[in-house]
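Visitor: Sharing run.cif, mmCIF, C-alpha atoms:
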```
data_upload
loop_
_atom_site.label_atom_id
_atom_site.label_comp_id
_atom_site.auth_asym_id
_atom_site.auth_seq_id
_atom_site.Cartn_x
_atom_site.Cartn_y
_atom_site.Cartn_z
CA MET N 1 -1.24 -19.15 -30.26
CA SER N 2 2.11 -20.87 -30.67
CA GLY N 3 2.13 -24.52 -29.70
CA ILE N 4 2.44 -28.12 -30.83
CA PHE N 5 -0.22 -30.44 -32.17
CA GLY N 6 -0.62 -33.95 -33.47
CA VAL N 7 -2.77 -37.02 -34.02
CA VAL N 8 -2.20 -40.72 -33.46
CA ASP N 9 -4.95 -42.97 -34.79
CA THR N 10 -4.19 -46.56 -33.79
CA ARG N 11 -7.41 -47.83 -35.39
CA ARG N 12 -6.72 -46.07 -38.71
CA GLN N 13 -10.26 -44.75 -38.96
CA SER N 14 -9.47 -41.15 -39.94
CA ASN N 15 -7.96 -39.36 -42.90
CA ILE N 16 -4.80 -38.31 -41.09
CA HIS N 17 -3.66 -35.86 -43.76
CA ARG N 18 -7.00 -34.06 -43.92
CA LEU N 19 -7.41 -33.89 -40.14
CA THR N 20 -3.87 -32.55 -39.65
CA LYS N 21 -4.38 -29.90 -42.33
CA LYS N 22 -7.71 -28.85 -40.83
CA MET N 23 -6.19 -28.55 -37.36
CA SER N 24 -3.32 -26.36 -38.59
CA GLU N 25 -5.73 -24.13 -40.53
CA VAL N 26 -8.11 -23.54 -37.61
CA MET N 27 -5.19 -22.42 -35.42
CA SER N 28 -3.59 -20.11 -38.00
CA HIS N 29 -5.29 -16.88 -36.96
CA ARG N 30 -3.05 -14.47 -38.91
CA GLU N 31 -1.15 -14.58 -42.19
CA TRP N 32 2.18 -14.67 -40.36
CA PHE N 33 1.33 -17.85 -38.44
CA ALA N 34 3.59 -20.66 -39.62
CA PRO N 35 2.18 -24.19 -39.19
CA GLU N 36 4.45 -27.16 -39.98
CA SER N 37 3.71 -30.85 -39.68
CA PHE N 38 4.96 -34.33 -40.50
CA VAL N 39 2.68 -37.25 -41.31
CA ASP N 40 3.78 -40.86 -40.86
CA ASP N 41 1.44 -42.91 -43.04
CA GLU N 42 2.88 -46.21 -41.81
CA HIS N 43 1.88 -45.57 -38.19
CA HIS N 44 -1.05 -43.29 -39.06
CA LEU N 45 0.13 -40.34 -37.01
CA SER N 46 1.17 -36.74 -37.38
CA ILE N 47 3.12 -34.25 -35.31
CA GLY N 48 3.56 -30.52 -35.88
CA ARG N 49 3.75 -27.03 -34.48
CA VAL N 50 2.22 -23.61 -35.01
CA GLY N 51 4.64 -20.68 -34.67
CA ILE N 52 4.43 -16.92 -35.10
CA GLY N 53 7.94 -16.38 -36.44
CA ILE N 54 9.62 -15.06 -33.28
CA PHE N 55 10.96 -18.13 -31.49
CA ASN N 56 11.81 -21.55 -32.95
CA LYS N 57 12.79 -20.36 -36.41
CA THR N 58 14.39 -23.72 -37.26
CA SER N 59 12.18 -25.80 -39.57
CA GLN N 60 10.30 -28.48 -37.64
CA PRO N 61 10.14 -31.33 -36.88
CA VAL N 62 13.84 -31.59 -36.01
CA TRP N 63 15.23 -35.11 -36.53
CA ASN N 64 18.14 -36.94 -34.99
CA ALA N 65 20.99 -38.18 -37.21
CA SER N 66 19.46 -41.64 -37.70
CA GLY N 67 16.00 -40.31 -38.53
CA THR N 68 14.38 -42.24 -35.68
CA VAL N 69 13.41 -39.38 -33.36
CA ALA N 70 11.45 -36.27 -34.36
CA LEU N 71 10.92 -33.23 -32.13
CA VAL N 72 8.61 -30.23 -32.27
CA MET N 73 8.80 -27.36 -29.82
CA ALA N 74 7.22 -24.03 -29.00
CA GLY N 75 8.90 -21.64 -26.58
CA GLU N 76 12.43 -20.89 -25.44
CA LEU N 77 15.09 -21.99 -22.98
CA TYR N 78 16.52 -19.64 -20.36
CA ASN N 79 19.48 -21.75 -19.22
CA ARG N 80 21.31 -22.58 -22.43
CA ASP N 81 24.60 -21.45 -20.88
CA THR N 82 24.37 -24.10 -18.14
CA LEU N 83 23.60 -27.05 -20.45
CA GLY N 84 27.03 -27.37 -22.04
CA ASN N 85 29.26 -25.51 -24.47
CA GLU N 86 28.80 -28.19 -27.13
CA TYR N 87 25.29 -26.85 -27.74
CA ALA N 88 26.32 -23.21 -28.15
CA SER N 89 25.84 -23.15 -31.93
CA THR N 90 22.62 -25.16 -32.02
CA SER N 91 19.00 -24.05 -31.80
CA ASP N 92 16.88 -24.69 -28.72
CA GLU N 93 15.16 -27.55 -30.54
CA GLN N 94 18.42 -29.24 -31.52
CA MET N 95 19.75 -28.81 -27.99
CA VAL N 96 16.65 -30.42 -26.47
CA LEU N 97 16.80 -33.31 -28.95
CA ALA N 98 20.45 -33.99 -28.06
CA LEU N 99 19.60 -33.93 -24.34
CA TYR N 100 16.73 -36.39 -24.90
CA GLU N 101 18.99 -38.82 -26.74
CA ARG N 102 21.56 -38.58 -23.96
CA GLN N 103 19.33 -38.63 -20.87
CA GLY N 104 15.99 -40.11 -21.96
CA ASP N 105 12.82 -38.93 -20.22
CA GLN N 106 14.81 -37.18 -17.49
CA PHE N 107 16.08 -34.54 -19.93
CA VAL N 108 13.20 -32.24 -19.05
CA CYS N 109 14.48 -31.87 -15.47
CA GLN N 110 17.50 -30.01 -16.88
CA LEU N 111 15.44 -27.37 -18.69
CA ASN N 112 14.53 -23.91 -17.46
CA GLY N 113 12.28 -21.87 -19.68
CA ALA N 114 8.80 -21.51 -21.13
CA PHE N 115 8.08 -24.35 -23.52
CA VAL N 116 6.05 -27.30 -24.68
CA ILE N 117 7.83 -30.12 -26.49
CA GLY N 118 6.56 -33.11 -28.45
CA ILE N 119 8.76 -36.08 -29.36
CA TYR N 120 7.98 -38.96 -31.72
CA ASP N 121 10.37 -41.80 -30.95
CA LYS N 122 10.21 -44.59 -33.53
CA ARG N 123 12.58 -46.76 -31.50
CA SER N 124 10.24 -47.03 -28.52
CA ASN N 125 7.11 -46.50 -30.65
CA ARG N 126 5.73 -43.71 -28.51
CA ILE N 127 4.82 -40.03 -28.32
CA LEU N 128 6.27 -37.98 -25.48
CA ILE N 129 4.97 -34.52 -24.53
CA VAL N 130 6.57 -32.35 -21.84
CA ASN N 131 6.01 -28.76 -20.72
CA ASP N 132 7.66 -26.25 -18.41
CA ARG N 133 7.04 -26.17 -14.68
CA PHE N 134 4.21 -23.64 -14.90
CA GLY N 135 2.55 -24.80 -18.12
CA LEU N 136 3.02 -21.41 -19.78
CA TYR N 137 2.25 -22.89 -23.21
CA PRO N 138 -1.21 -24.46 -22.93
CA LEU N 139 -1.84 -27.92 -24.32
CA PHE N 140 -5.09 -29.84 -24.48
CA TYR N 141 -5.36 -33.52 -25.31
CA THR N 142 -7.80 -36.38 -25.66
CA ASN N 143 -7.32 -40.12 -25.71
CA HIS N 144 -10.61 -41.33 -27.08
CA ALA N 145 -11.63 -44.34 -29.17
CA GLY N 146 -8.06 -45.33 -29.96
CA ARG N 147 -7.05 -41.83 -30.98
CA LEU N 148 -4.70 -39.37 -29.29
CA ILE N 149 -5.16 -35.76 -30.38
CA PHE N 150 -3.30 -32.83 -28.81
CA ALA N 151 -3.17 -29.12 -29.57
CA PRO N 152 -2.81 -25.70 -27.91
CA GLU N 153 -6.50 -24.96 -28.62
CA MET N 154 -9.53 -27.15 -28.01
CA LYS N 155 -11.03 -26.10 -31.34
CA ALA N 156 -8.29 -28.10 -33.07
CA ILE N 157 -9.35 -31.26 -31.24
CA LEU N 158 -12.94 -30.58 -32.26
CA CYS N 159 -11.83 -30.77 -35.89
CA ASP N 160 -12.20 -34.52 -35.41
CA GLU N 161 -15.81 -34.95 -36.51
CA SER N 162 -16.15 -38.24 -34.64
CA PHE N 163 -15.29 -36.69 -31.29
CA PRO N 164 -18.39 -36.53 -29.01
CA ARG N 165 -19.02 -32.92 -27.96
CA LYS N 166 -20.32 -33.46 -24.43
CA ILE N 167 -20.22 -30.65 -21.88
CA ASP N 168 -18.34 -31.50 -18.68
CA LEU N 169 -20.88 -30.42 -16.06
CA THR N 170 -18.33 -30.58 -13.24
CA GLY N 171 -16.02 -28.29 -15.18
CA LEU N 172 -18.91 -25.93 -15.86
CA ALA N 173 -19.80 -25.87 -12.15
CA GLN N 174 -16.18 -25.14 -11.27
CA TYR N 175 -16.13 -22.17 -13.60
CA VAL N 176 -19.41 -20.77 -12.28
CA ARG N 177 -18.19 -21.11 -8.68
CA PHE N 178 -14.51 -20.18 -9.00
CA GLN N 179 -14.35 -18.39 -12.40
CA HIS N 180 -11.63 -20.93 -13.16
CA LEU N 181 -11.31 -24.58 -14.12
CA LEU N 182 -9.39 -26.76 -11.68
CA GLY N 183 -6.73 -29.33 -12.45
CA GLU N 184 -6.94 -30.94 -15.87
CA ARG N 185 -10.64 -30.31 -16.46
CA THR N 186 -12.03 -28.43 -19.47
CA PHE N 187 -15.54 -27.61 -20.64
CA PHE N 188 -15.66 -30.89 -22.60
CA GLU N 189 -15.69 -34.46 -21.38
CA ASP N 190 -12.61 -36.39 -22.54
CA ILE N 191 -10.60 -33.23 -23.30
CA HIS N 192 -7.94 -32.66 -20.67
CA PHE N 193 -5.58 -29.81 -19.88
CA LEU N 194 -1.92 -30.78 -19.44
CA SER N 195 -0.81 -29.36 -16.10
CA GLY N 196 2.59 -27.74 -15.71
CA ALA N 197 5.68 -29.89 -15.04
CA SER N 198 4.08 -32.88 -16.76
CA VAL N 199 5.33 -35.73 -18.92
CA LEU N 200 2.67 -37.32 -21.11
CA THR N 201 3.61 -40.68 -22.60
CA TYR N 202 1.52 -42.35 -25.30
CA ASP N 203 2.32 -45.93 -26.30
CA ILE N 204 1.43 -46.26 -29.98
CA SER N 205 1.34 -50.07 -29.85
CA THR N 206 -1.18 -50.34 -27.03
CA GLY N 207 -2.91 -46.96 -27.19
CA SER N 208 -2.25 -46.39 -23.49
CA CYS N 209 -1.71 -42.85 -22.21
CA SER N 210 -0.13 -41.84 -18.90
CA VAL N 211 0.78 -38.51 -17.30
CA ARG N 212 3.26 -37.97 -14.49
CA ARG N 213 4.68 -34.90 -12.77
CA TYR N 214 8.43 -34.36 -12.88
CA TRP N 215 8.47 -31.42 -10.42
CA SER N 216 6.32 -29.91 -7.67
CA TYR N 217 6.46 -26.98 -5.28
CA ASP N 218 7.35 -29.43 -2.50
CA GLU N 219 10.84 -29.67 -4.01
CA ILE N 220 11.60 -26.05 -3.16
CA PRO N 221 13.85 -26.14 -0.07
CA TYR N 222 12.22 -24.93 3.12
CA ARG N 223 14.21 -22.42 5.18
CA PRO N 224 12.78 -21.76 8.63
CA LYS N 225 13.30 -18.52 10.53
CA VAL N 226 14.14 -16.38 7.51
CA GLN N 227 14.21 -12.67 8.36
CA PHE N 228 11.85 -10.32 6.57
CA GLU N 229 14.77 -8.25 5.27
CA GLU N 230 16.29 -11.38 3.69
CA LEU N 231 13.02 -12.15 1.93
CA VAL N 232 12.81 -8.62 0.54
CA GLU N 233 16.40 -8.74 -0.72
CA GLU N 234 16.01 -12.16 -2.33
CA THR N 235 12.68 -11.24 -3.94
CA GLY N 236 14.26 -8.14 -5.44
CA ARG N 237 17.23 -10.11 -6.73
CA LEU N 238 15.05 -12.73 -8.42
CA PHE N 239 12.76 -10.04 -9.82
CA ARG N 240 15.65 -8.15 -11.40
CA ARG N 241 17.19 -11.35 -12.74
CA ALA N 242 13.94 -12.39 -14.41
CA ILE N 243 13.48 -9.01 -16.07
CA LYS N 244 17.08 -8.96 -17.31
CA ARG N 245 16.73 -12.49 -18.69
CA LEU N 246 13.62 -11.63 -20.68
CA SER N 247 14.81 -8.24 -21.96
CA SER N 248 18.40 -9.00 -22.96
CA ASP N 249 17.78 -10.63 -26.34
CA SER N 250 17.51 -8.97 -29.75
CA HIS N 251 13.71 -8.92 -29.92
CA ARG N 252 11.66 -5.73 -29.65
CA LEU N 253 10.45 -5.11 -26.11
CA GLY N 254 6.87 -4.60 -25.02
CA VAL N 255 5.17 -4.29 -21.62
CA TYR N 256 1.51 -4.73 -20.80
CA LEU N 257 0.98 -1.51 -18.85
CA SER N 258 -2.12 -1.77 -16.68
CA GLY N 259 -1.33 1.26 -14.55
CA GLY N 260 -0.72 -0.87 -11.48
CA LEU N 261 2.43 -1.13 -9.42
CA ASP N 262 3.55 -4.48 -10.87
CA SER N 263 3.66 -3.42 -14.52
CA ARG N 264 5.28 -0.08 -13.68
CA SER N 265 7.95 -1.86 -11.63
CA ILE N 266 8.75 -4.11 -14.60
CA LEU N 267 8.95 -1.14 -16.93
CA GLY N 268 11.20 0.78 -14.56
CA MET N 269 13.70 -2.07 -14.26
CA ILE N 270 14.19 -2.59 -18.00
CA ASP N 271 17.53 -1.10 -19.04
CA ARG N 272 16.90 -1.12 -22.80
CA ARG N 273 15.02 1.62 -24.57
CA PRO N 274 12.71 2.21 -26.30
CA VAL N 275 10.01 -0.01 -24.81
CA ALA N 276 6.53 -0.20 -26.32
CA SER N 277 3.72 -0.24 -23.78
CA LEU N 278 0.30 -1.76 -24.40
CA THR N 279 -2.90 -1.25 -22.47
CA TYR N 280 -6.53 -2.35 -22.84
CA GLY N 281 -9.78 -0.79 -21.72
#
```
How would this structure read if it were set down as structure tokens?
Guide:
Amino acid sequence: MSGIFGVVDTRRQSNIHRLTKKMSEVMSHREWFAPESFVDDEHHLSIGRVGIGIFNKTSQPVWNASGTVALVMAGELYNRDTLGNEYASTSDEQMVLALYERQGDQFVCQLNGAFVIGIYDKRSNRILIVNDRFGLYPLFYTNHAGRLIFAPEMKAILCDESFPRKIDLTGLAQYVRFQHLLGERTFFEDIHFLSGASVLTYDISTGSCSVRRYWSYDEIPYRPKVQFEELVEETGRLFRRAIKRLSSDSHRLGVYLSGGLDSRSILGMIDRRPVASLTYG
């Protein structure tokens, strides 16, 4: 799965190069997977990404002009046209990096898309991780024994041989009861899931880690006494806009066709042809 990964070992107790290489290998499931990483021996940290060659074709990490800020990203932006004409010729990663340098942590509030972004800022000596409002690119992390490790798959975190593999019994009970884990819980103690619309900040000097939400459903304006016909019209408009947005690029199109009404509606609204359909079972 595409995503970002990294390690920060403030106690310098691990072989950072070996651990980073092992993490990238365990997440490279096919020959076309493209892992990239950067290792900072001075601060004993690494940051990288795993891609599949469709989005984010620019080599990563992307650096600012002074070489003080590095960025890795998986995903894409949907609102490039609203972020400014000066970014028209840049990649999504370069655009995001420029926004971060201009607006600081608040840059993520300007983004619309499906993404997870990691930033190593040497000036403030910290790691910053942000994701889209729905957390469409999964990210797991642990802050244990002076070591931050993050990755799109838990198996990459378990590459750290010193990490204690303890089952989270509350998480297990949640899954048995609801067939789903709630909040940030996973099946392991000390491994957390980064919820959507989150900003994770890790201070390299102190080893402190904090997570805050930059958006919630409460921010959606409430409109009382809306007529049913208005709701139907607006739902249709948003549905068509979303399909057009995701089918108007140059990539080959595919639809997961389950046979239900939702997938057939998506297929029927796509203007481009041909469209490959996939089904399972």
Visitor: For the file shown, report as a CSV table (one decimal) with C-alpha atoms, in the frame of the given file the outcome of the PyMOL selection byres ((chain N and resi 19-21) around 12) at residue level.
Guide:
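Result file is part-v4.csv:
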```
chain,number,residue,atom,x,y,z
N,4,ILE,CA,2.4,-28.1,-30.8
N,5,PHE,CA,-0.2,-30.4,-32.2
N,6,GLY,CA,-0.6,-34.0,-33.5
N,7,VAL,CA,-2.8,-37.0,-34.0
N,8,VAL,CA,-2.2,-40.7,-33.5
N,9,ASP,CA,-5.0,-43.0,-34.8
N,13,GLN,CA,-10.3,-44.8,-39.0
N,14,SER,CA,-9.5,-41.2,-39.9
N,15,ASN,CA,-8.0,-39.4,-42.9
N,16,ILE,CA,-4.8,-38.3,-41.1
N,17,HIS,CA,-3.7,-35.9,-43.8
N,18,ARG,CA,-7.0,-34.1,-43.9
N,22,LYS,CA,-7.7,-28.8,-40.8
N,23,MET,CA,-6.2,-28.6,-37.4
N,24,SER,CA,-3.3,-26.4,-38.6
N,25,GLU,CA,-5.7,-24.1,-40.5
N,26,VAL,CA,-8.1,-23.5,-37.6
N,27,MET,CA,-5.2,-22.4,-35.4
N,28,SER,CA,-3.6,-20.1,-38.0
N,35,PRO,CA,2.2,-24.2,-39.2
N,36,GLU,CA,4.4,-27.2,-40.0
N,37,SER,CA,3.7,-30.8,-39.7
N,38,PHE,CA,5.0,-34.3,-40.5
N,39,VAL,CA,2.7,-37.2,-41.3
N,40,ASP,CA,3.8,-40.9,-40.9
N,44,HIS,CA,-1.0,-43.3,-39.1
N,45,LEU,CA,0.1,-40.3,-37.0
N,46,SER,CA,1.2,-36.7,-37.4
N,47,ILE,CA,3.1,-34.2,-35.3
N,48,GLY,CA,3.6,-30.5,-35.9
N,49,ARG,CA,3.8,-27.0,-34.5
N,50,VAL,CA,2.2,-23.6,-35.0
N,149,ILE,CA,-5.2,-35.8,-30.4
N,150,PHE,CA,-3.3,-32.8,-28.8
N,151,ALA,CA,-3.2,-29.1,-29.6
N,156,ALA,CA,-8.3,-28.1,-33.1
N,157,ILE,CA,-9.4,-31.3,-31.2
N,158,LEU,CA,-12.9,-30.6,-32.3
N,159,CYS,CA,-11.8,-30.8,-35.9
N,160,ASP,CA,-12.2,-34.5,-35.4
N,161,GLU,CA,-15.8,-35.0,-36.5
N,162,SER,CA,-16.2,-38.2,-34.6
```
Visitor: I'd like the interatomic distance between atom CA of Glu86 of chain N and atom CA of Ala98 of chain N, to a tenth of an Å.
Guide: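 Pair atom CA of Glu86 of chain N / atom CA of Ala98 of chain N returns 10.2 Å.
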Visitor: One decimal, Å: what's the distance from atom CA of Gly118 of chain N over to atom CA of Arg30 of chain N, could you say?
Guide: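 So the answer is 23.4 Å.
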Visitor: Taking the file as shown, find all residues satisfying the PyMOL selection byres ((chain N and resi 252) around 12) and write them as a ChimeraX atom specification.
Guide: /N:54,246-251,253-255,272-277
Visitor: I'd like the neighbourhood of Leu111 of chain N as a VMD selection string, where a residue qualifies if any of its atoms comes within 12 Å (using all atoms listed in the file), though same-chain residues fewer than 4 positions away should be ignored.
Guide: chain N and resid 75 to 83 92 to 93 95 to 97 99 to 100 105 to 107 115 to 117 130 to 133 197 214 to 215
Visitor: Check the smallest atom-to-atom distance from each of N:Asn125, N:Gly3, N:Phe134, N:Arg240 to Asn112 of chain N using all atoms listed in the file, then report the winner.
Guide: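 The answer is N:Phe134, which sits nearest to Asn112 of chain N.
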Visitor: For Val199 of chain N, which residue out of N:Leu128, N:Val226, N:Ala88, N:Ala74 is the nearest one, using only C-alpha atoms?
Guide: N:Leu128
Visitor: Distance atom CA of Gly259 of chain N-atom CA of Thr279 of chain N, one decimal place?
Guide: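 These two atoms are separated by 8.5 Å.
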Visitor: Run the PyMOL selection byres ((chain N and resi 163-169) around 10) on the file and write out the hits as JSON, numbers by chain.
Guide: {"N": [142, 144, 145, 147, 157, 158, 159, 160, 161, 162, 170, 171, 172, 173, 174, 175, 185, 186, 187, 188, 189, 190, 191]}
Visitor: Write the residues of the preceding selection, restricted to C-alpha atoms, as a JSON list (two decimals), in the frame of the given file.
Guide:
```
[["chain", "number", "residue", "atom", "x", "y", "z"],
["N", 142, "THR", "CA", -7.80, -36.38, -25.66],
["N", 144, "HIS", "CA", -10.61, -41.33, -27.08],
["N", 145, "ALA", "CA", -11.63, -44.34, -29.17],
["N", 147, "ARG", "CA", -7.05, -41.83, -30.98],
["N", 157, "ILE", "CA", -9.35, -31.26, -31.24],
["N", 158, "LEU", "CA", -12.94, -30.58, -32.26],
["N", 159, "CYS", "CA", -11.83, -30.77, -35.89],
["N", 160, "ASP", "CA", -12.20, -34.52, -35.41],
["N", 161, "GLU", "CA", -15.81, -34.95, -36.51],
["N", 162, "SER", "CA", -16.15, -38.24, -34.64],
["N", 170, "THR", "CA", -18.33, -30.58, -13.24],
["N", 171, "GLY", "CA", -16.02, -28.29, -15.18],
["N", 172, "LEU", "CA", -18.91, -25.93, -15.86],
["N", 173, "ALA", "CA", -19.80, -25.87, -12.15],
["N", 174, "GLN", "CA", -16.18, -25.14, -11.27],
["N", 175, "TYR", "CA", -16.13, -22.17, -13.60],
["N", 185, "ARG", "CA", -10.64, -30.31, -16.46],
["N", 186, "THR", "CA", -12.03, -28.43, -19.47],
["N", 187, "PHE", "CA", -15.54, -27.61, -20.64],
["N", 188, "PHE", "CA", -15.66, -30.89, -22.60],
["N", 189, "GLU", "CA", -15.69, -34.46, -21.38],
["N", 190, "ASP", "CA", -12.61, -36.39, -22.54],
["N", 191, "ILE", "CA", -10.60, -33.23, -23.30]]
```
Visitor: Skipping near chain neighbours, those fewer than 2 positions away, what residues fall within 9 Å of Ser210 of chain N using all atoms listed in the file, listed as a PDB file with C-alpha atoms, in the frame of the given file?
Guide:
```pdb
ATOM      1  CA  VAL N 199       5.330 -35.730 -18.920  1.00  0.00           C
ATOM      2  CA  LEU N 200       2.670 -37.320 -21.110  1.00  0.00           C
ATOM      3  CA  THR N 201       3.610 -40.680 -22.600  1.00  0.00           C
ATOM      4  CA  TYR N 202       1.520 -42.350 -25.300  1.00  0.00           C
ATOM      5  CA  ASP N 203       2.320 -45.930 -26.300  1.00  0.00           C
ATOM      6  CA  SER N 208      -2.250 -46.390 -23.490  1.00  0.00           C
ATOM      7  CA  ARG N 212       3.260 -37.970 -14.490  1.00  0.00           C
TER       8      ARG N 212
END
```
Visitor: Looking at N:Glu234, N:Asn85, N:Cys109, N:Lys57, which one is nearest to Met73 of chain N, with distances taken over all atoms listed in the file?
Guide: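 Checking each of N:Glu234, N:Asn85, N:Cys109, N:Lys57 against Met73 of chain N, counting all atoms listed in the file, the winner is N:Lys57.
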Visitor: Would you mind telling me which residue in N:Leu257, N:Leu71, N:Ala34, N:Ile243 lies nearest to Ile270 of chain N when using all atoms listed in the file?
Guide: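 Closest candidate: N:Ile243.
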Visitor: For Leu136 of chain N, which of N:Gly260, N:Gly113, N:Gly84, N:Gly268 is the closest residue, counting only C-alpha atoms?
Guide: N:Gly113
Visitor: Nearest to Gly236 of chain N: which of N:Gln60, N:Ser216, N:Gln110, N:Ser265 is it, counting all atoms listed in the file?
Guide: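 Closest to Gly236 of chain N, using all atoms listed in the file: N:Ser265.
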Visitor: Atoms are missing here; could segment 28-50 of chain N be completed with N, CA and C atoms and written as an mmCIF file, keeping the file's coordinate frame?
Guide:
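Everything below was put into part-v3.cif:
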```
data_model
loop_
_atom_site.group_PDB
_atom_site.id
_atom_site.type_symbol
_atom_site.label_atom_id
_atom_site.label_comp_id
_atom_site.auth_asym_id
_atom_site.auth_seq_id
_atom_site.Cartn_x
_atom_site.Cartn_y
_atom_site.Cartn_z
ATOM 1 N N SER N 28 -4.386 -21.152 -37.334
ATOM 2 C CA SER N 28 -3.590 -20.110 -38.000
ATOM 3 C C SER N 28 -4.438 -18.848 -38.115
ATOM 4 N N HIS N 29 -4.393 -18.020 -37.072
ATOM 5 C CA HIS N 29 -5.290 -16.880 -36.960
ATOM 6 C C HIS N 29 -4.834 -15.660 -37.763
ATOM 7 N N ARG N 30 -3.570 -15.589 -38.139
ATOM 8 C CA ARG N 30 -3.050 -14.470 -38.910
ATOM 9 C C ARG N 30 -2.176 -14.996 -40.037
ATOM 10 N N GLU N 31 -1.912 -14.143 -41.018
ATOM 11 C CA GLU N 31 -1.150 -14.580 -42.190
ATOM 12 C C GLU N 31 0.293 -14.908 -41.840
ATOM 13 N N TRP N 32 0.799 -14.387 -40.731
ATOM 14 C CA TRP N 32 2.180 -14.670 -40.360
ATOM 15 C C TRP N 32 2.325 -15.929 -39.513
ATOM 16 N N PHE N 33 1.227 -16.577 -39.153
ATOM 17 C CA PHE N 33 1.330 -17.850 -38.440
ATOM 18 C C PHE N 33 1.960 -18.889 -39.355
ATOM 19 N N ALA N 34 2.836 -19.714 -38.805
ATOM 20 C CA ALA N 34 3.590 -20.660 -39.620
ATOM 21 C C ALA N 34 3.388 -22.084 -39.113
ATOM 22 N N PRO N 35 2.362 -22.794 -39.594
ATOM 23 C CA PRO N 35 2.180 -24.190 -39.190
ATOM 24 C C PRO N 35 3.089 -25.119 -40.003
ATOM 25 N N GLU N 36 3.651 -26.121 -39.340
ATOM 26 C CA GLU N 36 4.450 -27.160 -39.980
ATOM 27 C C GLU N 36 4.051 -28.493 -39.388
ATOM 28 N N SER N 37 4.093 -29.537 -40.196
ATOM 29 C CA SER N 37 3.710 -30.850 -39.680
ATOM 30 C C SER N 37 4.381 -31.955 -40.485
ATOM 31 N N PHE N 38 4.449 -33.112 -39.866
ATOM 32 C CA PHE N 38 4.960 -34.330 -40.500
ATOM 33 C C PHE N 38 3.928 -35.420 -40.305
ATOM 34 N N VAL N 39 3.652 -36.162 -41.371
ATOM 35 C CA VAL N 39 2.680 -37.250 -41.310
ATOM 36 C C VAL N 39 3.398 -38.566 -41.593
ATOM 37 N N ASP N 40 3.230 -39.519 -40.694
ATOM 38 C CA ASP N 40 3.780 -40.860 -40.860
ATOM 39 C C ASP N 40 2.624 -41.778 -41.258
ATOM 40 N N ASP N 41 2.548 -42.095 -42.548
ATOM 41 C CA ASP N 41 1.440 -42.910 -43.040
ATOM 42 C C ASP N 41 1.516 -44.350 -42.517
ATOM 43 N N GLU N 42 2.730 -44.827 -42.270
ATOM 44 C CA GLU N 42 2.880 -46.210 -41.810
ATOM 45 C C GLU N 42 2.225 -46.411 -40.451
ATOM 46 N N HIS N 43 2.437 -45.449 -39.541
ATOM 47 C CA HIS N 43 1.880 -45.570 -38.190
ATOM 48 C C HIS N 43 0.629 -44.718 -38.009
ATOM 49 N N HIS N 44 0.176 -44.080 -39.067
ATOM 50 C CA HIS N 44 -1.050 -43.290 -39.060
ATOM 51 C C HIS N 44 -1.030 -42.236 -37.958
ATOM 52 N N LEU N 45 -0.009 -41.402 -38.002
ATOM 53 C CA LEU N 45 0.130 -40.340 -37.010
ATOM 54 C C LEU N 45 0.736 -39.107 -37.639
ATOM 55 N N SER N 46 0.579 -37.994 -36.943
ATOM 56 C CA SER N 46 1.170 -36.740 -37.380
ATOM 57 C C SER N 46 1.641 -35.972 -36.158
ATOM 58 N N ILE N 47 2.615 -35.095 -36.379
ATOM 59 C CA ILE N 47 3.120 -34.250 -35.310
ATOM 60 C C ILE N 47 3.559 -32.940 -35.943
ATOM 61 N N GLY N 48 3.245 -31.823 -35.282
ATOM 62 C CA GLY N 48 3.560 -30.520 -35.880
ATOM 63 C C GLY N 48 3.572 -29.416 -34.858
ATOM 64 N N ARG N 49 3.761 -28.209 -35.353
ATOM 65 C CA ARG N 49 3.750 -27.030 -34.480
ATOM 66 C C ARG N 49 3.168 -25.840 -35.235
ATOM 67 N N VAL N 50 2.674 -24.884 -34.475
ATOM 68 C CA VAL N 50 2.220 -23.610 -35.010
ATOM 69 C C VAL N 50 3.078 -22.527 -34.371
#
```
